[in-house]
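Encoded as structure tokens, the structure appears first; notes follow it.
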Amino acid sequence: MTKRLILIVTIVCAYLGSFAQIGFPQQNPQQNPEGYPEEEATPTRNKDISVDSMRKQLEAKKDSIIYNATYIKFTKEEYLRDSIKLFPLDTTTQDFHRINPLKDPEHPTMNLGVFGAAYRPMLFEPRKTIGFDMGYHFFDLYMKNPEDIRYFQARSRYTELAYASPFGGRQEELFHVLHTQNIKPNWNVGAYFGKVGSEGYYGTANIRETAFSILNANLWNWYQSKTKRYTLLANATFNTIRAYETGSILNDSIFREPTVVDPLYEQTRLEDDAKHQVRNNSVFIKQFLNIGKQKLLDSGEVTLPTQRVSHAFTYNTQKYFFRKETPDESGLLRNYYLYADSTSDSTRLNHIINEFNYSFYIRGKRISLLKNELKLNVGLQHDYYNYKQYRSSRSFQNITLKGSLNYHFSDKAGLDLDVQQIFQGENAGDFLYEANSEIKLGKNAGKILLGVYSQNQSPWLVFEKQVTNHHRWDYNFDRTKTQSASFAYLNPKIRLQAKAEYFLVTNYLYFRNLAGDIVPDQLNSDINLLKLSLRKDFKFGKFTFANYLVYQKTDYESIIRTPEIYTFHSLYMHQDFFKVLKTEFGF
């Protein structure tokens with residue numbers, strides 16, 4: 001009996017002693033892995049603390065994780081075609097102030113100076129597309145398309161709020177909110193809402209206050225199976241643009257002679273009832289399935305498949321409206337073909353795309369160097385179109401064969417070949433053949449980029465057929481052929497980028513003036529155009545002097561209206577305040 005009593009007392013003492021060690025660890029606060037200093041234990045606190053309280057303290061310490069921007073990564077559909085590639089958020093101040101897409105230094109536009117107004121590229125930048133195209137691209141930069149959607153990998157909820165407005169006025173106001181989160185580690189969802197409002201320069205008070213309005217909204221879903229073999233992308237995009245049209249002011253000498261009234265109150269040709277309204281909405285669903293062996297790199301963040309099949313479905317609707325409730329008395333709008341007392345023009349397009357692709361990869365054993373890597377991709381795309389313009393309506397389809405071959409000879413040289421050919425349908429005969437090569441000269445020597453392409457493009461709808469209140473034509477133009485070759489040298493170490501491009505364009509389409517009105521026309525001669533661009537940044541301590549220069553020369557300057565010389569310069573200083581606030585300011 002005595003032995004049993006001694007054993008029970010010993011066990012109870014050992015049990016209570018173990019609680020004392022758990023509740024009050026005697027370690028140096030600087031050695032705490034969580035970084036939180038601990039208070040020194042005292043006999044008084046040892047008597048008052050409970051077992052549940054000690055357990056809560058321990059569990060709280062284990063779950064204390066501090067998240068920052070490095071835990072939020074994103075990707076796009078184009079970076080998921082071959083593998084899973086993730087990129088960190090850009091938390092720098094580089095180009096933070098460039099909120100207006102019309103003011104991109106390397107892709108300048110000709111516009112009316114207001115966010116939301118119609119524009120066209122200032123430099124010669126032909127569109128590399130084939131097939132049916134309505135040709136209404138004067139609002140493209142304001143829209144969010146399915147390929148623009150960012151998909152996130154977020155360990156915690158991520159919300160982004162932005163508001164921008166100029167000092168001393170409300171000429172342009174921009175606001176957007178983005179929220180995304182991972183429902184599961186392999187399942188991300190999110191939403192985006194953006195609103196832009198801009199004031200006008202002339203016209204009535206109604207136009208000056210709400211001249212342009214842009215609304216963008218997106219919903220997206222990104223799901224991956226736990227084995228990384230199956231990927232599902234889905235998004236919905238909504239774009240609405242409203243733009244008042246003033247038709248310019250009647251007083252065309254306002255900048256040469258003194259005016260009687262304030263310039264803001266100059267009379268415009270069109271009243272405040274003339275406006276454009278554009279809607280562009282899409283639903284996009286794409287699925288990837290990896291077949292055979294696959295390799296995971298960077299802790300599973302990068303997946304390299306051996307074979308992959310994919311299917312993409314897109315449903316896009318485009319609507320272009322122009323409204324004016326009263327007749328135009330200034331003579332700007334002519335030829336009232338449909339309505340004599342008002343204008344109500346509309347063009348609608350429904351576009352359905354189904355695309356199937358199969359990819360096959362051959363890689364060497366040393367994946368990190370990408371030596372002897374071969375990728376072959378073949379695809380078939382079916383397009384169905386239905387457009388309506390007044391009482392004119394058409395439905396047709398195209399079938400396009402796609403193929404690409406990518407071969408990396410080593411980690412310093414690679415060749416990419418891409419083929420697109422419409423072999424059946426309304427635009428059969430359109431094609432785009434392209435070849436690009438990258439040669440890395442060394443870490444300090446930079447790299448060389450070579451590129452050539454040949455394009456055969458059907459005429460846009462805006463050139464061939466228009467049935468509106470003020471324009472009516474029905475033409476049958478030849479396809480436009482574009483041949484191009486380019487050479488580029490990049491050296492990030494010395495902040496240098498130089499590029500030379502040559503274009504040969506046949507059957508170029510354009511608009512010309514005919515007795516004060518515009519009509520489409522086609523040039524039967526070949527157009528030669530040489531484009532040289534140079535970007536060089538100089539850094540002097542905290543100061544940076546950025547420069548971008550472009551020289552263009554063509555033998556048909558009256559047809560292709562682009563400047564011969566274009567330059568952009570920026571001088572700014574970088575300064576850190578309080579060691580954490582990074583600031584750049586300059587001219």
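Going through the structure tokens in order, the chains are called A, B, and so on, while each chain numbers its residues from 1 and the ligands are numbered from 1 in the order shown.
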key: Neighbour list for region 432-445 of chain A as a list in words, cut-off 9 Å, only C-alpha atoms, skip fewer than 5 positions in-chain   = Lys128, Thr129, Ile130, Asp411, Lys412, Ala413, Gly414, Leu415, Asp416, Leu417, Asp418, Val419, Gln420, Gln421, Leu450, Gly451, Val452, Tyr453, Ser454, Gln455, Asn456, Gln457, Leu490, Asn491, Pro492, Lys493 and Ile494 of chain A
query = Separation of CA of Ile353 (chain A) and CA of Ser83 (chain A), in Å?
reply =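 Rounded to one decimal, the two atoms are 22.9 Å apart.
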query = Got a sec: who's within 8 Å of Tyr358 (chain A), counting only C-alpha atoms, leaving out chain neighbours fewer than 3 positions off, as a PyMOL selection string?
reply = chain A and resi 307-310+377-379
request  = Have a look at CA of Ile559 (chain A) and CA of Ser484 (chain A) and let me know their distance in Å, one decimal.
outcome  =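 Calculated distance between CA of Ile559 (chain A) and CA of Ser484 (chain A) is 18.6 Å.
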request  = Find the residue from A:Trp222, A:Lys582, A:His276, A:Arg81 that sits nearest to Phe360 (chain A); use only C-alpha atoms when measuring.
outcome  =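 Closest candidate: A:Arg81.
Backbone DSSP assigns helix (DSSP H, G or I) in region 368-480 of chain A to A:Ser368, A:Leu369, A:Leu461, A:Val462, A:Phe463, A:Glu464.
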Using N, CA and C atoms, can you write the selected residues to a file as an mmCIF file, in the first residue's frame?
data_model
loop_
_atom_site.group_PDB
_atom_site.id
_atom_site.type_symbol
_atom_site.label_atom_id
_atom_site.label_comp_id
_atom_site.auth_asym_id
_atom_site.auth_seq_id
_atom_site.Cartn_x
_atom_site.Cartn_y
_atom_site.Cartn_z
ATOM 1 N N SER A 368 16.728 23.762 -66.137
ATOM 2 C CA SER A 368 17.042 25.136 -65.772
ATOM 3 C C SER A 368 17.695 25.906 -66.913
ATOM 4 N N LEU A 369 18.385 25.214 -67.816
ATOM 5 C CA LEU A 369 19.060 25.893 -68.907
ATOM 6 C C LEU A 369 18.229 25.926 -70.183
ATOM 7 N N LEU A 461 -14.877 45.975 -92.120
ATOM 8 C CA LEU A 461 -16.258 46.290 -92.481
ATOM 9 C C LEU A 461 -16.458 47.789 -92.680
ATOM 10 N N VAL A 462 -15.778 48.615 -91.881
ATOM 11 C CA VAL A 462 -15.967 50.061 -91.975
ATOM 12 C C VAL A 462 -15.528 50.597 -93.330
ATOM 13 N N PHE A 463 -14.636 49.896 -94.042
ATOM 14 C CA PHE A 463 -14.201 50.312 -95.370
ATOM 15 C C PHE A 463 -15.130 49.793 -96.464
ATOM 16 N N GLU A 464 -15.649 48.597 -96.296
ATOM 17 C CA GLU A 464 -16.399 47.973 -97.396
ATOM 18 C C GLU A 464 -17.895 48.254 -97.349
#
Leaving out region 185-197 of chain A and any residue of its chain fewer than 6 positions from it, which residues lie within 6 Å of it when counting only C-alpha atoms, given as a PDB file with C-alpha atoms, in the first residue's frame?
ATOM      1  CA  GLU A 172     -10.520  63.629 -65.004  1.00  0.00           C
ATOM      2  CA  GLU A 173     -11.483  61.320 -62.156  1.00  0.00           C
ATOM      3  CA  LEU A 174     -10.551  57.651 -62.026  1.00  0.00           C
ATOM      4  CA  PHE A 175     -11.593  55.058 -59.479  1.00  0.00           C
ATOM      5  CA  HIS A 176     -11.258  51.296 -59.311  1.00  0.00           C
ATOM      6  CA  VAL A 177     -11.564  48.549 -56.729  1.00  0.00           C
ATOM      7  CA  LEU A 178     -10.217  45.001 -57.043  1.00  0.00           C
ATOM      8  CA  HIS A 179     -10.757  42.135 -54.633  1.00  0.00           C
ATOM      9  CA  PHE A 212     -16.893  61.083 -71.257  1.00  0.00           C
ATOM     10  CA  SER A 213     -17.803  58.161 -69.025  1.00  0.00           C
ATOM     11  CA  ILE A 214     -16.157  54.710 -68.952  1.00  0.00           C
ATOM     12  CA  LEU A 215     -17.244  51.703 -66.912  1.00  0.00           C
ATOM     13  CA  ASN A 216     -15.274  48.439 -66.672  1.00  0.00           C
ATOM     14  CA  ALA A 217     -16.231  45.385 -64.641  1.00  0.00           C
ATOM     15  CA  ASN A 218     -14.701  41.885 -64.480  1.00  0.00           C
ATOM     16  CA  LEU A 219     -15.358  38.600 -62.716  1.00  0.00           C
ATOM     17  CA  TRP A 220     -12.888  35.719 -62.844  1.00  0.00           C
ATOM     18  CA  ASN A 221     -12.240  32.190 -61.649  1.00  0.00           C
ATOM     19  CA  TRP A 222      -8.985  30.174 -61.713  1.00  0.00           C
ATOM     20  CA  TYR A 223      -9.063  26.556 -60.621  1.00  0.00           C
ATOM     21  CA  GLN A 224      -6.251  23.987 -60.686  1.00  0.00           C
TER      22      GLN A 224
END
ask   = Counting only C-alpha atoms, what is within 12 Å of Arg242 (chain A), bar same-chain residues fewer than 5 positions away, as number ranges by chain?
value = A: 115-118, 139, 142, 195-198, 207, 210-215, 274-279, 319-323
request  = Please identify all polymer residues within 9 Å of Ala428 (chain A), counting only C-alpha atoms, omitting same-chain residues fewer than 6 positions from it, and present them as a list in words.
outcome  = Gly131, Asn398, Ile399, Thr400, Gln421 and Ile422 of chain A
Would you output that residue set with all heavy atoms, as a short mmCIF file (atom, residue, chain, number, x, y, z; two decimals), in the first residue's frame?
data_model
loop_
_atom_site.label_atom_id
_atom_site.label_comp_id
_atom_site.auth_asym_id
_atom_site.auth_seq_id
_atom_site.Cartn_x
_atom_site.Cartn_y
_atom_site.Cartn_z
N GLY A 131 -8.93 37.72 -90.54
CA GLY A 131 -10.34 37.42 -90.42
C GLY A 131 -11.21 38.66 -90.38
O GLY A 131 -10.78 39.78 -90.68
N ASN A 398 -15.81 31.25 -90.10
CA ASN A 398 -14.45 31.01 -90.56
C ASN A 398 -13.88 29.83 -89.79
O ASN A 398 -14.20 29.62 -88.61
CB ASN A 398 -13.54 32.23 -90.34
CG ASN A 398 -13.84 33.36 -91.31
OD1 ASN A 398 -14.18 33.13 -92.47
ND2 ASN A 398 -13.72 34.59 -90.83
N ILE A 399 -13.02 29.06 -90.45
CA ILE A 399 -12.27 27.99 -89.80
C ILE A 399 -10.79 28.25 -90.03
O ILE A 399 -10.35 28.35 -91.18
CB ILE A 399 -12.67 26.60 -90.32
CG1 ILE A 399 -14.16 26.35 -90.07
CG2 ILE A 399 -11.83 25.52 -89.64
CD1 ILE A 399 -14.65 25.00 -90.57
N THR A 400 -10.04 28.36 -88.96
CA THR A 400 -8.63 28.75 -89.02
C THR A 400 -7.76 27.61 -88.50
O THR A 400 -8.04 27.03 -87.44
CB THR A 400 -8.37 30.01 -88.18
OG1 THR A 400 -9.26 31.04 -88.59
CG2 THR A 400 -6.93 30.48 -88.33
N GLN A 421 -3.82 30.38 -90.68
CA GLN A 421 -4.33 30.32 -92.06
C GLN A 421 -5.83 30.02 -92.01
O GLN A 421 -6.25 29.00 -91.46
CB GLN A 421 -3.62 29.24 -92.86
CG GLN A 421 -4.18 29.01 -94.25
CD GLN A 421 -3.67 30.01 -95.27
OE1 GLN A 421 -2.47 30.19 -95.42
NE2 GLN A 421 -4.59 30.66 -95.97
N ILE A 422 -6.65 30.92 -92.57
CA ILE A 422 -8.09 30.66 -92.69
C ILE A 422 -8.30 29.89 -94.00
O ILE A 422 -8.07 30.43 -95.09
CB ILE A 422 -8.89 31.97 -92.69
CG1 ILE A 422 -8.66 32.75 -91.39
CG2 ILE A 422 -10.38 31.69 -92.88
CD1 ILE A 422 -9.40 34.07 -91.33
#
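Within 10 Å of Val519 (chain A), once only C-alpha atoms are used and residues closer than 5 positions along the same chain are dropped, the contacting residues are Phe463, His471, Arg472, Trp473, Tyr510, Phe511, Arg512, Asn513 and Leu514 of chain A.
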Just-selected residues, N, CA, C and O atoms written as an mmCIF file, in the first residue's frame:
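File produced: result-v3.cif:
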data_model
loop_
_atom_site.group_PDB
_atom_site.id
_atom_site.type_symbol
_atom_site.label_atom_id
_atom_site.label_comp_id
_atom_site.auth_asym_id
_atom_site.auth_seq_id
_atom_site.Cartn_x
_atom_site.Cartn_y
_atom_site.Cartn_z
ATOM 1 N N PHE A 463 -14.636 49.896 -94.042
ATOM 2 C CA PHE A 463 -14.201 50.312 -95.370
ATOM 3 C C PHE A 463 -15.130 49.793 -96.464
ATOM 4 O O PHE A 463 -15.366 50.493 -97.463
ATOM 5 N N HIS A 471 -23.692 58.016 -93.780
ATOM 6 C CA HIS A 471 -22.701 57.375 -94.653
ATOM 7 C C HIS A 471 -23.312 56.102 -95.238
ATOM 8 O O HIS A 471 -23.902 55.299 -94.512
ATOM 9 N N ARG A 472 -23.111 55.952 -96.533
ATOM 10 C CA ARG A 472 -23.610 54.739 -97.189
ATOM 11 C C ARG A 472 -22.684 54.407 -98.345
ATOM 12 O O ARG A 472 -22.492 55.201 -99.265
ATOM 13 N N TRP A 473 -22.072 53.229 -98.270
ATOM 14 C CA TRP A 473 -21.259 52.752 -99.380
ATOM 15 C C TRP A 473 -21.202 51.225 -99.341
ATOM 16 O O TRP A 473 -21.432 50.596 -98.298
ATOM 17 N N TYR A 510 -7.599 53.422 -96.684
ATOM 18 C CA TYR A 510 -7.606 54.669 -95.921
ATOM 19 C C TYR A 510 -8.857 55.456 -96.293
ATOM 20 O O TYR A 510 -9.613 55.087 -97.201
ATOM 21 N N PHE A 511 -9.100 56.559 -95.579
ATOM 22 C CA PHE A 511 -10.206 57.457 -95.890
ATOM 23 C C PHE A 511 -9.648 58.730 -96.527
ATOM 24 O O PHE A 511 -8.624 59.251 -96.099
ATOM 25 N N ARG A 512 -10.365 59.240 -97.529
ATOM 26 C CA ARG A 512 -9.952 60.479 -98.179
ATOM 27 C C ARG A 512 -11.123 61.463 -98.206
ATOM 28 O O ARG A 512 -12.286 61.092 -98.042
ATOM 29 N N ASN A 513 -10.785 62.722 -98.435
ATOM 30 C CA ASN A 513 -11.778 63.791 -98.469
ATOM 31 C C ASN A 513 -12.362 63.912 -99.868
ATOM 32 O O ASN A 513 -11.625 64.033 -100.856
ATOM 33 N N LEU A 514 -13.675 63.897 -99.956
ATOM 34 C CA LEU A 514 -14.364 64.038 -101.230
ATOM 35 C C LEU A 514 -15.451 65.094 -101.065
ATOM 36 O O LEU A 514 -16.512 64.827 -100.498
#
request  = Output as number ranges by chain all residues of region 315-530 of chain A that backbone DSSP marks as strand (DSSP E).
outcome  = A: 315-324, 343-362, 373-389, 392-410, 413-425, 431-442, 446-457, 465-467, 472-474, 480-491, 496-506, 509-514, 517-522, 527-530
ask   = Of the candidates A:Pro105, A:Gly331, A:Pro263, A:Pro305, which shows the shortest atom-to-atom distance to Gly247 (chain A), using only C-alpha atoms?
value =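 Of the candidates, the smallest distance to Gly247 (chain A) is held by A:Gly331.
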remark   = CA of Lys228 (chain A) sits from CA of Ile72 (chain A) at a separation of 19.0 Å
